[in-house]
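**Q** You'll find data_12.pdb just under this line, and it carries PDB, C-alpha atoms.
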```pdb
ATOM      1  CA  MET L   1       0.000   0.000   0.000
ATOM      2  CA  ARG L   2       1.282   3.464  -0.852
ATOM      3  CA  ILE L   3       0.452   6.526   1.169
ATOM      4  CA  ALA L   4       1.447   9.945  -0.094
ATOM      5  CA  THR L   5       1.774  12.820   2.358
ATOM      6  CA  LEU L   6       1.342  16.105   0.638
ATOM      7  CA  CYS L   7       2.374  19.640   1.225
ATOM      8  CA  GLY L   8       3.298  22.597  -0.882
ATOM      9  CA  MET L   9       7.038  22.260  -0.781
ATOM     10  CA  GLY L  10       7.727  18.581  -0.253
ATOM     11  CA  PHE L  11       9.566  19.003   2.986
ATOM     12  CA  GLY L  12       8.279  20.352   6.241
ATOM     13  CA  THR L  13       4.659  19.452   6.672
ATOM     14  CA  SER L  14       4.681  16.419   4.393
ATOM     15  CA  MET L  15       7.703  15.080   6.242
ATOM     16  CA  MET L  16       6.077  15.723   9.620
ATOM     17  CA  LEU L  17       3.022  13.825   8.450
ATOM     18  CA  LYS L  18       5.133  10.950   7.184
ATOM     19  CA  LEU L  19       6.897  10.639  10.533
ATOM     20  CA  PHE L  20       3.616  10.610  12.441
ATOM     21  CA  ILE L  21       2.095   8.032  10.122
ATOM     22  CA  ASP L  22       5.242   5.874  10.349
ATOM     23  CA  ASP L  23       4.740   5.753  14.123
ATOM     24  CA  ILE L  24       1.037   5.036  13.847
ATOM     25  CA  LEU L  25       1.506   2.164  11.419
ATOM     26  CA  LYS L  26       4.301   0.655  13.488
ATOM     27  CA  ALA L  27       2.092   0.731  16.562
ATOM     28  CA  GLU L  28      -0.703  -0.996  14.624
ATOM     29  CA  GLY L  29       1.585  -3.550  13.022
ATOM     30  CA  LEU L  30       0.711  -2.298   9.559
ATOM     31  CA  LYS L  31       3.057  -1.859   6.644
ATOM     32  CA  ALA L  32       2.875   0.767   3.959
ATOM     33  CA  GLU L  33       5.174   2.812   1.819
ATOM     34  CA  ILE L  34       4.858   6.445   2.854
ATOM     35  CA  ILE L  35       6.117   9.057   0.459
ATOM     36  CA  PRO L  36       6.248  12.775   1.167
ATOM     37  CA  VAL L  37       5.506  14.723  -1.995
ATOM     38  CA  ASP L  38       5.144  18.290  -2.996
ATOM     39  CA  LEU L  39       2.287  19.543  -5.115
ATOM     40  CA  GLY L  40       4.400  19.681  -8.224
ATOM     41  CA  SER L  41       5.420  16.016  -8.097
ATOM     42  CA  PHE L  42       2.098  14.861  -6.821
ATOM     43  CA  LYS L  43       0.360  14.547 -10.172
ATOM     44  CA  GLY L  44       2.652  11.746 -11.192
ATOM     45  CA  ALA L  45       2.546   9.885  -7.915
ATOM     46  CA  GLN L  46       0.456   6.756  -7.606
ATOM     47  CA  ALA L  47      -0.877   6.344  -4.131
ATOM     48  CA  ASP L  48      -3.730   4.454  -2.541
ATOM     49  CA  ILE L  49      -4.153   7.148   0.054
ATOM     50  CA  VAL L  50      -3.227  10.832  -0.021
ATOM     51  CA  VAL L  51      -2.906  12.648   3.295
ATOM     52  CA  ALA L  52      -2.918  16.413   3.094
ATOM     53  CA  PRO L  53      -3.711  19.488   5.181
ATOM     54  CA  THR L  54      -7.270  20.772   4.783
ATOM     55  CA  ASP L  55      -7.262  23.673   2.385
ATOM     56  CA  MET L  56      -5.208  21.634  -0.054
ATOM     57  CA  GLU L  57      -8.447  20.003  -1.045
ATOM     58  CA  ARG L  58      -8.835  21.945  -4.255
ATOM     59  CA  HIS L  59      -5.514  20.613  -5.518
ATOM     60  CA  LEU L  60      -6.635  17.032  -5.002
ATOM     61  CA  LYS L  61      -9.703  16.884  -7.184
ATOM     62  CA  ASP L  62      -7.988  14.576  -9.666
ATOM     63  CA  SER L  63      -6.515  12.313  -7.043
ATOM     64  CA  LYS L  64      -7.068   8.639  -7.756
ATOM     65  CA  GLY L  65      -6.293   7.665  -4.187
ATOM     66  CA  ARG L  66      -8.460   8.143  -1.155
ATOM     67  CA  VAL L  67      -8.040  11.684   0.104
ATOM     68  CA  VAL L  68      -7.570  12.211   3.824
ATOM     69  CA  LEU L  69      -7.700  15.833   4.970
ATOM     70  CA  ILE L  70      -6.142  16.748   8.279
ATOM     71  CA  ARG L  71      -7.208  19.870  10.103
ATOM     72  CA  ASN L  72      -4.559  19.848  12.810
ATOM     73  CA  LEU L  73      -1.248  18.499  11.550
ATOM     74  CA  VAL L  74       0.103  18.083  15.062
ATOM     75  CA  ASP L  75      -2.919  16.229  16.396
ATOM     76  CA  LYS L  76      -1.831  12.604  16.391
ATOM     77  CA  GLN L  77      -5.281  11.415  17.345
ATOM     78  CA  GLU L  78      -6.898  13.058  14.359
ATOM     79  CA  ILE L  79      -4.235  11.731  11.996
ATOM     80  CA  LYS L  80      -4.438   8.234  13.454
ATOM     81  CA  THR L  81      -8.237   8.059  13.283
ATOM     82  CA  LYS L  82      -8.485   9.326   9.750
ATOM     83  CA  VAL L  83      -5.540   7.422   8.295
ATOM     84  CA  LEU L  84      -6.546   4.112   9.857
ATOM     85  CA  ALA L  85     -10.095   4.572   8.549
ATOM     86  CA  ALA L  86      -8.760   5.172   5.042
ATOM     87  CA  ILE L  87      -6.527   2.113   5.283
ATOM     88  CA  GLN L  88      -9.514  -0.003   6.318
ATOM     89  CA  GLU L  89     -11.404   1.224   3.278
ATOM     90  CA  VAL L  90      -8.527   0.437   0.955
ATOM     91  CA  LEU L  91      -8.066  -3.026   2.444
ATOM     92  CA  GLY L  92     -11.798  -3.575   2.182
ATOM     93  CA  THR L  93     -11.706  -3.020  -1.576
ATOM     94  CA  SER L  94      -8.587  -5.072  -2.150
ATOM     95  CA  SER L  95      -9.340  -5.630  -5.804
ATOM     96  CA  GLY L  96      -9.019  -1.924  -6.460
ATOM     97  CA  GLY L  97      -5.935  -0.017  -7.531
TER      98      GLY L  97
ATOM     99  CA  MET V   1      40.322  25.775  14.005
ATOM    100  CA  GLY V   2      38.142  28.725  14.871
ATOM    101  CA  SER V   3      34.599  28.416  16.068
ATOM    102  CA  GLN V   4      33.506  29.210  12.540
ATOM    103  CA  SER V   5      34.356  25.824  11.129
ATOM    104  CA  GLN V   6      31.329  23.638  10.599
ATOM    105  CA  ALA V   7      32.798  20.383   9.398
ATOM    106  CA  ASN V   8      30.016  18.488  11.150
ATOM    107  CA  PRO V   9      27.159  20.856  11.875
ATOM    108  CA  PRO V  10      25.205  19.740  14.929
ATOM    109  CA  PRO V  11      21.663  18.523  14.327
ATOM    110  CA  LEU V  12      19.297  21.446  14.332
ATOM    111  CA  ASN V  13      17.646  21.831  17.679
ATOM    112  CA  LEU V  14      14.409  23.792  17.993
ATOM    113  CA  GLN V  15      15.426  25.510  21.185
ATOM    114  CA  ALA V  16      18.742  26.557  19.674
ATOM    115  CA  LEU V  17      17.059  27.955  16.577
ATOM    116  CA  LEU V  18      14.486  29.949  18.563
ATOM    117  CA  ALA V  19      16.809  32.477  20.119
ATOM    118  CA  ARG V  20      16.668  36.078  21.282
ATOM    119  CA  GLU V  21      17.013  37.512  17.781
ATOM    120  CA  THR V  22      14.344  35.402  16.178
ATOM    121  CA  VAL V  23      11.583  35.541  18.751
ATOM    122  CA  ARG V  24       9.112  38.386  19.422
ATOM    123  CA  ALA V  25       6.101  38.466  21.702
ATOM    124  CA  LYS V  26       2.770  40.210  21.276
ATOM    125  CA  VAL V  27       3.417  42.030  18.035
ATOM    126  CA  GLY V  28       0.541  44.048  16.604
ATOM    127  CA  VAL V  29      -0.208  43.492  12.914
ATOM    128  CA  SER V  30      -3.293  44.269  10.882
ATOM    129  CA  SER V  31      -3.025  41.600   8.191
ATOM    130  CA  TRP V  32      -1.445  38.231   7.447
ATOM    131  CA  ASP V  33       0.755  39.984   4.953
ATOM    132  CA  GLU V  34       2.133  42.231   7.641
ATOM    133  CA  ALA V  35       2.648  39.233   9.930
ATOM    134  CA  VAL V  36       4.754  37.526   7.256
ATOM    135  CA  ARG V  37       6.827  40.673   6.723
ATOM    136  CA  GLN V  38       7.412  41.227  10.429
ATOM    137  CA  VAL V  39       8.532  37.713  11.235
ATOM    138  CA  GLY V  40      10.600  37.718   8.056
ATOM    139  CA  ARG V  41      12.268  40.939   9.164
ATOM    140  CA  LEU V  42      13.507  39.200  12.319
ATOM    141  CA  LEU V  43      15.238  36.525  10.264
ATOM    142  CA  VAL V  44      16.670  39.046   7.781
ATOM    143  CA  GLU V  45      18.092  41.200  10.547
ATOM    144  CA  ALA V  46      19.642  38.146  12.154
ATOM    145  CA  GLY V  47      21.403  37.412   8.864
ATOM    146  CA  LEU V  48      19.587  34.111   8.375
ATOM    147  CA  ILE V  49      17.546  34.770   5.248
ATOM    148  CA  ARG V  50      17.651  37.242   2.423
ATOM    149  CA  GLU V  51      14.968  39.864   1.944
ATOM    150  CA  GLU V  52      13.468  37.994  -1.007
ATOM    151  CA  TYR V  53      12.619  35.008   1.199
ATOM    152  CA  ILE V  54       9.918  37.130   2.840
ATOM    153  CA  ALA V  55       8.177  37.669  -0.488
ATOM    154  CA  ALA V  56       8.618  33.965  -1.258
ATOM    155  CA  MET V  57       6.815  32.966   1.949
ATOM    156  CA  ALA V  58       3.939  35.294   1.065
ATOM    157  CA  ARG V  59       3.874  33.906  -2.476
ATOM    158  CA  VAL V  60       3.570  30.344  -1.178
ATOM    159  CA  LEU V  61       0.504  31.396   0.802
ATOM    160  CA  ARG V  62      -1.052  33.168  -2.173
ATOM    161  CA  GLU V  63      -0.374  30.435  -4.701
ATOM    162  CA  MET V  64      -0.935  27.351  -2.628
ATOM    163  CA  GLY V  65      -3.523  28.668  -0.251
ATOM    164  CA  PRO V  66      -3.214  28.914   3.528
ATOM    165  CA  TYR V  67      -2.493  25.236   4.149
ATOM    166  CA  ALA V  68       0.444  26.397   6.292
ATOM    167  CA  VAL V  69      -2.039  27.229   9.066
ATOM    168  CA  ILE V  70      -1.336  23.734  10.271
ATOM    169  CA  ALA V  71      -3.217  23.840  13.559
ATOM    170  CA  PRO V  72      -5.782  26.161  15.149
ATOM    171  CA  GLY V  73      -4.186  29.600  15.487
ATOM    172  CA  THR V  74      -0.796  28.460  14.247
ATOM    173  CA  VAL V  75       0.921  29.140  10.941
ATOM    174  CA  LEU V  76       4.218  27.587   9.806
ATOM    175  CA  LEU V  77       5.585  29.852   7.098
ATOM    176  CA  HIS V  78       8.266  28.638   4.746
ATOM    177  CA  ALA V  79       9.442  28.710   1.154
ATOM    178  CA  ARG V  80      12.147  26.730  -0.661
ATOM    179  CA  PRO V  81      15.841  26.796   0.254
ATOM    180  CA  GLU V  82      16.694  28.470  -3.057
ATOM    181  CA  ASP V  83      14.254  31.286  -2.327
ATOM    182  CA  GLY V  84      16.798  32.965  -0.074
ATOM    183  CA  VAL V  85      17.814  30.918   2.962
ATOM    184  CA  ILE V  86      21.282  31.754   4.267
ATOM    185  CA  ARG V  87      21.336  29.469   7.301
ATOM    186  CA  PRO V  88      18.783  27.011   8.681
ATOM    187  CA  CYS V  89      16.573  29.110  10.900
ATOM    188  CA  MET V  90      13.299  29.473  12.689
ATOM    189  CA  GLY V  91      11.441  32.509  13.970
ATOM    190  CA  LEU V  92       8.430  32.853  16.205
ATOM    191  CA  MET V  93       6.202  35.842  16.594
ATOM    192  CA  THR V  94       3.140  35.835  18.818
ATOM    193  CA  LEU V  95       0.489  38.383  17.914
ATOM    194  CA  SER V  96      -1.284  40.708  20.305
ATOM    195  CA  THR V  97      -4.394  40.370  18.143
ATOM    196  CA  PRO V  98      -4.955  37.277  15.989
ATOM    197  CA  VAL V  99      -5.329  37.816  12.248
ATOM    198  CA  PRO V 100      -7.053  35.672   9.632
ATOM    199  CA  PHE V 101      -4.953  33.894   7.016
ATOM    200  CA  GLY V 102      -7.963  32.614   5.104
ATOM    201  CA  HIS V 103      -7.923  29.063   6.439
ATOM    202  CA  SER V 104     -11.311  27.420   6.478
ATOM    203  CA  GLN V 105     -10.960  26.044  10.006
ATOM    204  CA  ASN V 106      -7.825  27.165  11.811
ATOM    205  CA  ASP V 107      -8.167  30.957  11.657
ATOM    206  CA  PRO V 108      -7.439  33.378  13.193
ATOM    207  CA  VAL V 109      -3.723  33.045  13.783
ATOM    208  CA  ASP V 110      -1.767  34.294  16.765
ATOM    209  CA  LEU V 111       1.312  32.045  16.622
ATOM    210  CA  VAL V 112       3.455  32.827  13.587
ATOM    211  CA  PHE V 113       6.363  30.449  12.999
ATOM    212  CA  ALA V 114       8.652  30.914  10.031
ATOM    213  CA  PHE V 115      11.439  28.586   9.051
ATOM    214  CA  GLY V 116      14.137  28.402   6.460
ATOM    215  CA  ALA V 117      15.586  25.078   5.432
ATOM    216  CA  ILE V 118      18.722  24.590   3.360
ATOM    217  CA  ASP V 119      17.840  21.147   2.097
ATOM    218  CA  LYS V 120      15.115  18.555   2.410
ATOM    219  CA  THR V 121      16.213  16.864   5.574
ATOM    220  CA  SER V 122      18.489  18.693   7.996
ATOM    221  CA  HIS V 123      15.679  20.539   9.724
ATOM    222  CA  ILE V 124      13.500  17.458  10.256
ATOM    223  CA  ALA V 125      14.504  17.005  13.885
ATOM    224  CA  ALA V 126      13.663  20.626  14.656
ATOM    225  CA  LEU V 127      10.299  20.214  12.942
ATOM    226  CA  GLN V 128       9.574  17.086  14.928
ATOM    227  CA  GLN V 129      10.358  18.986  18.113
ATOM    228  CA  LEU V 130       8.088  21.790  16.947
ATOM    229  CA  ALA V 131       5.309  19.284  16.310
ATOM    230  CA  GLN V 132       5.742  17.955  19.833
ATOM    231  CA  LEU V 133       5.670  21.457  21.269
ATOM    232  CA  LEU V 134       2.544  22.350  19.328
ATOM    233  CA  SER V 135       0.711  19.234  20.469
ATOM    234  CA  ASN V 136       1.408  20.058  24.114
ATOM    235  CA  ALA V 137      -1.454  22.192  25.450
ATOM    236  CA  THR V 138       0.549  23.456  28.416
ATOM    237  CA  ALA V 139       3.461  24.536  26.241
ATOM    238  CA  LEU V 140       1.108  26.272  23.802
ATOM    239  CA  GLU V 141      -0.561  28.115  26.622
ATOM    240  CA  GLY V 142       2.854  29.230  27.849
ATOM    241  CA  LEU V 143       3.668  30.701  24.439
ATOM    242  CA  ARG V 144       0.378  32.559  24.336
ATOM    243  CA  GLN V 145       0.653  33.864  27.890
ATOM    244  CA  ALA V 146       4.125  35.374  27.422
ATOM    245  CA  GLN V 147       3.793  39.153  27.417
ATOM    246  CA  ASP V 148       7.318  40.023  26.333
ATOM    247  CA  ASP V 149      10.273  38.490  24.507
ATOM    248  CA  ILE V 150      12.006  37.305  27.675
ATOM    249  CA  GLN V 151       8.909  35.503  28.891
ATOM    250  CA  LEU V 152       8.398  33.989  25.455
ATOM    251  CA  LEU V 153      11.956  32.689  25.376
ATOM    252  CA  ALA V 154      11.493  31.305  28.871
ATOM    253  CA  ALA V 155       8.295  29.551  27.777
ATOM    254  CA  ILE V 156      10.121  27.966  24.828
ATOM    255  CA  HIS V 157      13.105  26.880  26.877
ATOM    256  CA  SER V 158      11.205  25.568  29.856
ATOM    257  CA  TRP V 159       9.422  23.023  27.702
ATOM    258  CA  HIS V 160      11.149  19.684  27.521
ATOM    259  CA  PRO V 161      10.872  17.574  24.406
ATOM    260  CA  ALA V 162      10.018  13.966  25.178
ATOM    261  CA  GLY V 163      13.023  11.764  24.633
ATOM    262  CA  GLU V 164      12.968   8.250  23.248
ATOM    263  CA  GLY V 165      11.193   6.042  25.724
ATOM    264  CA  ALA V 166       9.691   8.900  27.674
ATOM    265  CA  PRO V 167       5.951   8.538  28.191
ATOM    266  CA  SER V 168       4.051  10.633  25.684
ATOM    267  CA  SER V 169       1.058  12.647  26.735
ATOM    268  CA  ALA V 170      -1.316  10.650  24.571
ATOM    269  CA  PRO V 171      -1.388   6.900  25.168
ATOM    270  CA  ASP V 172      -1.483   4.943  21.897
TER     271      ASP V 172
END
```
Let me see whether you can do it: turn the structure in this file into C-alpha cells.
**A**
Amino acid sequence: MRIATLCGMGFGTSMMLKLFIDDILKAEGLKAEIIPVDLGSFKGAQADIVVAPTDMERHLKDSKGRVVLIRNLVDKQEIKTKVLAAIQEVLGTSSGG
Amino acid sequence: MGSQSQANPPPLNLQALLARETVRAKVGVSSWDEAVRQVGRLLVEAGLIREEYIAAMARVLREMGPYAVIAPGTVLLHARPEDGVIRPCMGLMTLSTPVPFGHSQNDPVDLVFAFGAIDKTSHIAALQQLAQLLSNATALEGLRQAQDDIQLLAAIHSWHPAGEGAPSSAPD
C-alpha cells in the first residue's frame, strides 16, 4: 500500500506527516510505503491514500487515491483516526488499484 | 580551528534555533501579509535569510492557499531553500491580536512560525520537536501567555521535548 503525504514544498509538513504516520503504522503492526511529496510532483505519484492538510483540497480533485484531509497536523489522534479509517477502506476493496 | 568551522554541523535543535534575535512576543499586525513581513524581518536582521525570502513565503501562501495554518491559530511559514535561505533558521512571533490567514478552520492566527531550510532533511529534527511542542497544550498556553520576549523565550526553553522512551502525553 502506498500513502502519499502532501504539502506545498515537499519538505516540512509532508515530512512531519510521514513521521507521524510511520509511528502510527508501526504501533498498529501495519506496513505501507509512505512518500512525502510536494504539489508539483504529486500529479505523477500513484498512491492508494493521499494525506494532506485541509485547504489543499482543491488541488486534489484529480486524485485517484483516497483523500484524507487533516485539520490539525500536530494532532496525532486526528491523523491516526483518519488514516486508519482510510486504510480499512482500501483493504476492504482489495481488488481496487 | 576557529569556532567558525562547521565540518560536522550539529543537528538542528528547535530551542537553539528559537533564540533572542528570532523571537518576538505580542506584536501588533493588521493583516497576514504584515505578519509575514514582520517575522521575516527578524530573520533578515539576524542574517539568516535574504529579503526575497519574505516575499517567497507570502507567495507560497497566495499560490498554494493557507495550508500552512497547520493547527488552530498556528501558521508555519516557509518557502524553498533556493528562495533565499542563508542558514537554517526558525522565527516565532506571537500576535497581540490574531489575524485571519484565510484558512477554512484554523483561523485566526496568533502564533506565527517561520522557518528556512537549506535542504530537504536537515531541519526534520527541529520540525519534529516543533510538532511535539505544538501538540502540548501546556506549552502552547505558555507561548500565548508570554507578554514580552524574555517571557516567550522562557516559555520555549522551559518546555522539555520527550526523549525516546519517555511517556508521551497521549497513550497509543
**Q** Edge lengths and centre in Å to one decimal, as AutoDock Vina command-line options, of the axis-aligned box that encloses all listed atoms of region 73-86 of chain V with 8 Å added on every side?
**A**
```
--center_x 8.5 --center_y 29.8 --center_z 6.2 --size_x 41.5 --size_y 22.2 --size_z 34.5
```
**Q** Hey, which of V:Arg59, V:Ile70, V:Met93, V:Gln128 ends up closest to Glu21 (chain V)? Count only C-alpha atoms.
**A**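 For Glu21 (chain V), the nearest of the candidates is V:Met93.
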**Q** What gap, in Å, lies between CA of Ile54 (chain V) and CA of Ala35 (chain V)?
**A**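 Those two atoms sit 10.4 Å apart.
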**Q** Convert the output of the PyMOL selection byres ((chain V and resi 123) around 9) on the shown file into explicit residues, formatted as a list in words.
**A**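 This file, filtered by the PyMOL selection byres ((chain V and resi 123) around 9), leaves Gly12 of chain L; Pro11, Leu12, Asn13, Leu14, Pro88, Cys89, Gly116, Ala117, Ile118, Asp119, Lys120, Thr121, Ser122, Ile124, Ala125, Ala126, Leu127 and Gln128 of chain V.
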**Q** Show me which bits of chain L are within 9 Å of chain V, counting only C-alpha atoms, as an NGL selection string.
**A** :L and (7-13 or 15-16 or 19 or 24 or 27 or 39 or 52-56 or 59 or 70-77)
**Q** How would you write as a list of chain:residue names the residues that get within 6 Å of (12.1, 35.2, 23.5) in the file's frame, counting all atoms listed in the file?
**A**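 Applying the cut-off with all atoms listed in the file, one gets V:Arg20, V:Val23, V:Arg24, V:Asp149, V:Ile150, V:Leu152, V:Leu153.
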**Q** Excluding same-chain residues fewer than 6 positions from Ile35 (chain L), what lies within 9 Å of it counting only C-alpha atoms, as a list in words?
**A**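 The residues that qualify are Arg2, Ile3, Ala4, Thr5, Leu6, Ser14, Met15, Lys18 and Ala47 of chain L.
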**Q** Please fill the gaps in region 51-80 of chain L so it has N, CA and C atoms, and write that as a PDB file, keeping the file's coordinate frame.
**A**
```pdb
ATOM      1  N   VAL L  51      -2.631  11.920   2.054  1.00  0.00           N
ATOM      2  CA  VAL L  51      -2.906  12.648   3.295  1.00  0.00           C
ATOM      3  C   VAL L  51      -2.405  14.073   3.121  1.00  0.00           C
ATOM      4  N   ALA L  52      -3.290  15.022   3.331  1.00  0.00           N
ATOM      5  CA  ALA L  52      -2.918  16.413   3.094  1.00  0.00           C
ATOM      6  C   ALA L  52      -3.586  17.323   4.117  1.00  0.00           C
ATOM      7  N   PRO L  53      -3.024  18.532   4.310  1.00  0.00           N
ATOM      8  CA  PRO L  53      -3.711  19.488   5.181  1.00  0.00           C
ATOM      9  C   PRO L  53      -5.015  19.939   4.523  1.00  0.00           C
ATOM     10  N   THR L  54      -6.049  20.180   5.349  1.00  0.00           N
ATOM     11  CA  THR L  54      -7.270  20.772   4.783  1.00  0.00           C
ATOM     12  C   THR L  54      -6.846  22.071   4.112  1.00  0.00           C
ATOM     13  N   ASP L  55      -7.593  22.511   3.184  1.00  0.00           N
ATOM     14  CA  ASP L  55      -7.262  23.673   2.385  1.00  0.00           C
ATOM     15  C   ASP L  55      -6.297  23.339   1.258  1.00  0.00           C
ATOM     16  N   MET L  56      -5.879  22.065   1.178  1.00  0.00           N
ATOM     17  CA  MET L  56      -5.208  21.634  -0.054  1.00  0.00           C
ATOM     18  C   MET L  56      -6.224  20.894  -0.903  1.00  0.00           C
ATOM     19  N   GLU L  57      -7.440  20.842  -0.404  1.00  0.00           N
ATOM     20  CA  GLU L  57      -8.447  20.003  -1.045  1.00  0.00           C
ATOM     21  C   GLU L  57      -8.602  20.299  -2.533  1.00  0.00           C
ATOM     22  N   ARG L  58      -8.563  21.590  -2.864  1.00  0.00           N
ATOM     23  CA  ARG L  58      -8.835  21.945  -4.255  1.00  0.00           C
ATOM     24  C   ARG L  58      -7.758  21.429  -5.208  1.00  0.00           C
ATOM     25  N   HIS L  59      -6.584  21.131  -4.663  1.00  0.00           N
ATOM     26  CA  HIS L  59      -5.514  20.613  -5.518  1.00  0.00           C
ATOM     27  C   HIS L  59      -5.652  19.110  -5.728  1.00  0.00           C
ATOM     28  N   LEU L  60      -6.581  18.489  -5.004  1.00  0.00           N
ATOM     29  CA  LEU L  60      -6.635  17.032  -5.002  1.00  0.00           C
ATOM     30  C   LEU L  60      -7.834  16.478  -5.754  1.00  0.00           C
ATOM     31  N   LYS L  61      -8.473  17.324  -6.515  1.00  0.00           N
ATOM     32  CA  LYS L  61      -9.703  16.884  -7.184  1.00  0.00           C
ATOM     33  C   LYS L  61      -9.451  15.706  -8.125  1.00  0.00           C
ATOM     34  N   ASP L  62      -8.257  15.659  -8.713  1.00  0.00           N
ATOM     35  CA  ASP L  62      -7.988  14.576  -9.666  1.00  0.00           C
ATOM     36  C   ASP L  62      -7.317  13.371  -9.020  1.00  0.00           C
ATOM     37  N   SER L  63      -7.231  13.393  -7.712  1.00  0.00           N
ATOM     38  CA  SER L  63      -6.515  12.313  -7.043  1.00  0.00           C
ATOM     39  C   SER L  63      -7.233  10.981  -7.227  1.00  0.00           C
ATOM     40  N   LYS L  64      -6.462   9.950  -7.585  1.00  0.00           N
ATOM     41  CA  LYS L  64      -7.068   8.639  -7.756  1.00  0.00           C
ATOM     42  C   LYS L  64      -7.127   7.899  -6.431  1.00  0.00           C
ATOM     43  N   GLY L  65      -6.290   8.333  -5.486  1.00  0.00           N
ATOM     44  CA  GLY L  65      -6.293   7.665  -4.187  1.00  0.00           C
ATOM     45  C   GLY L  65      -7.343   8.270  -3.274  1.00  0.00           C
ATOM     46  N   ARG L  66      -7.545   7.594  -2.147  1.00  0.00           N
ATOM     47  CA  ARG L  66      -8.460   8.143  -1.155  1.00  0.00           C
ATOM     48  C   ARG L  66      -7.822   9.380  -0.525  1.00  0.00           C
ATOM     49  N   VAL L  67      -8.579  10.434  -0.431  1.00  0.00           N
ATOM     50  CA  VAL L  67      -8.040  11.684   0.104  1.00  0.00           C
ATOM     51  C   VAL L  67      -8.379  11.795   1.584  1.00  0.00           C
ATOM     52  N   VAL L  68      -7.362  12.005   2.395  1.00  0.00           N
ATOM     53  CA  VAL L  68      -7.570  12.211   3.824  1.00  0.00           C
ATOM     54  C   VAL L  68      -7.121  13.632   4.149  1.00  0.00           C
ATOM     55  N   LEU L  69      -8.045  14.447   4.647  1.00  0.00           N
ATOM     56  CA  LEU L  69      -7.700  15.833   4.970  1.00  0.00           C
ATOM     57  C   LEU L  69      -7.533  15.984   6.477  1.00  0.00           C
ATOM     58  N   ILE L  70      -6.439  16.589   6.854  1.00  0.00           N
ATOM     59  CA  ILE L  70      -6.142  16.748   8.279  1.00  0.00           C
ATOM     60  C   ILE L  70      -6.258  18.218   8.667  1.00  0.00           C
ATOM     61  N   ARG L  71      -7.059  18.496   9.661  1.00  0.00           N
ATOM     62  CA  ARG L  71      -7.208  19.870  10.103  1.00  0.00           C
ATOM     63  C   ARG L  71      -6.026  20.323  10.945  1.00  0.00           C
ATOM     64  N   ASN L  72      -5.618  19.475  11.891  1.00  0.00           N
ATOM     65  CA  ASN L  72      -4.559  19.848  12.810  1.00  0.00           C
ATOM     66  C   ASN L  72      -3.380  18.893  12.617  1.00  0.00           C
ATOM     67  N   LEU L  73      -2.355  19.371  11.939  1.00  0.00           N
ATOM     68  CA  LEU L  73      -1.248  18.499  11.550  1.00  0.00           C
ATOM     69  C   LEU L  73      -0.407  18.026  12.713  1.00  0.00           C
ATOM     70  N   VAL L  74      -0.648  18.581  13.916  1.00  0.00           N
ATOM     71  CA  VAL L  74       0.103  18.083  15.062  1.00  0.00           C
ATOM     72  C   VAL L  74      -0.795  17.300  16.013  1.00  0.00           C
ATOM     73  N   ASP L  75      -1.996  16.999  15.565  1.00  0.00           N
ATOM     74  CA  ASP L  75      -2.919  16.229  16.396  1.00  0.00           C
ATOM     75  C   ASP L  75      -2.830  14.757  15.994  1.00  0.00           C
ATOM     76  N   LYS L  76      -2.063  13.996  16.753  1.00  0.00           N
ATOM     77  CA  LYS L  76      -1.831  12.604  16.391  1.00  0.00           C
ATOM     78  C   LYS L  76      -3.126  11.800  16.373  1.00  0.00           C
ATOM     79  N   GLN L  77      -4.034  12.167  17.273  1.00  0.00           N
ATOM     80  CA  GLN L  77      -5.281  11.415  17.345  1.00  0.00           C
ATOM     81  C   GLN L  77      -6.083  11.582  16.059  1.00  0.00           C
ATOM     82  N   GLU L  78      -6.157  12.807  15.591  1.00  0.00           N
ATOM     83  CA  GLU L  78      -6.898  13.058  14.359  1.00  0.00           C
ATOM     84  C   GLU L  78      -6.255  12.297  13.197  1.00  0.00           C
ATOM     85  N   ILE L  79      -4.939  12.391  13.098  1.00  0.00           N
ATOM     86  CA  ILE L  79      -4.235  11.731  11.996  1.00  0.00           C
ATOM     87  C   ILE L  79      -4.440  10.223  12.073  1.00  0.00           C
ATOM     88  N   LYS L  80      -4.295   9.680  13.279  1.00  0.00           N
ATOM     89  CA  LYS L  80      -4.438   8.234  13.454  1.00  0.00           C
ATOM     90  C   LYS L  80      -5.839   7.782  13.048  1.00  0.00           C
TER      91      LYS L  80
END
```
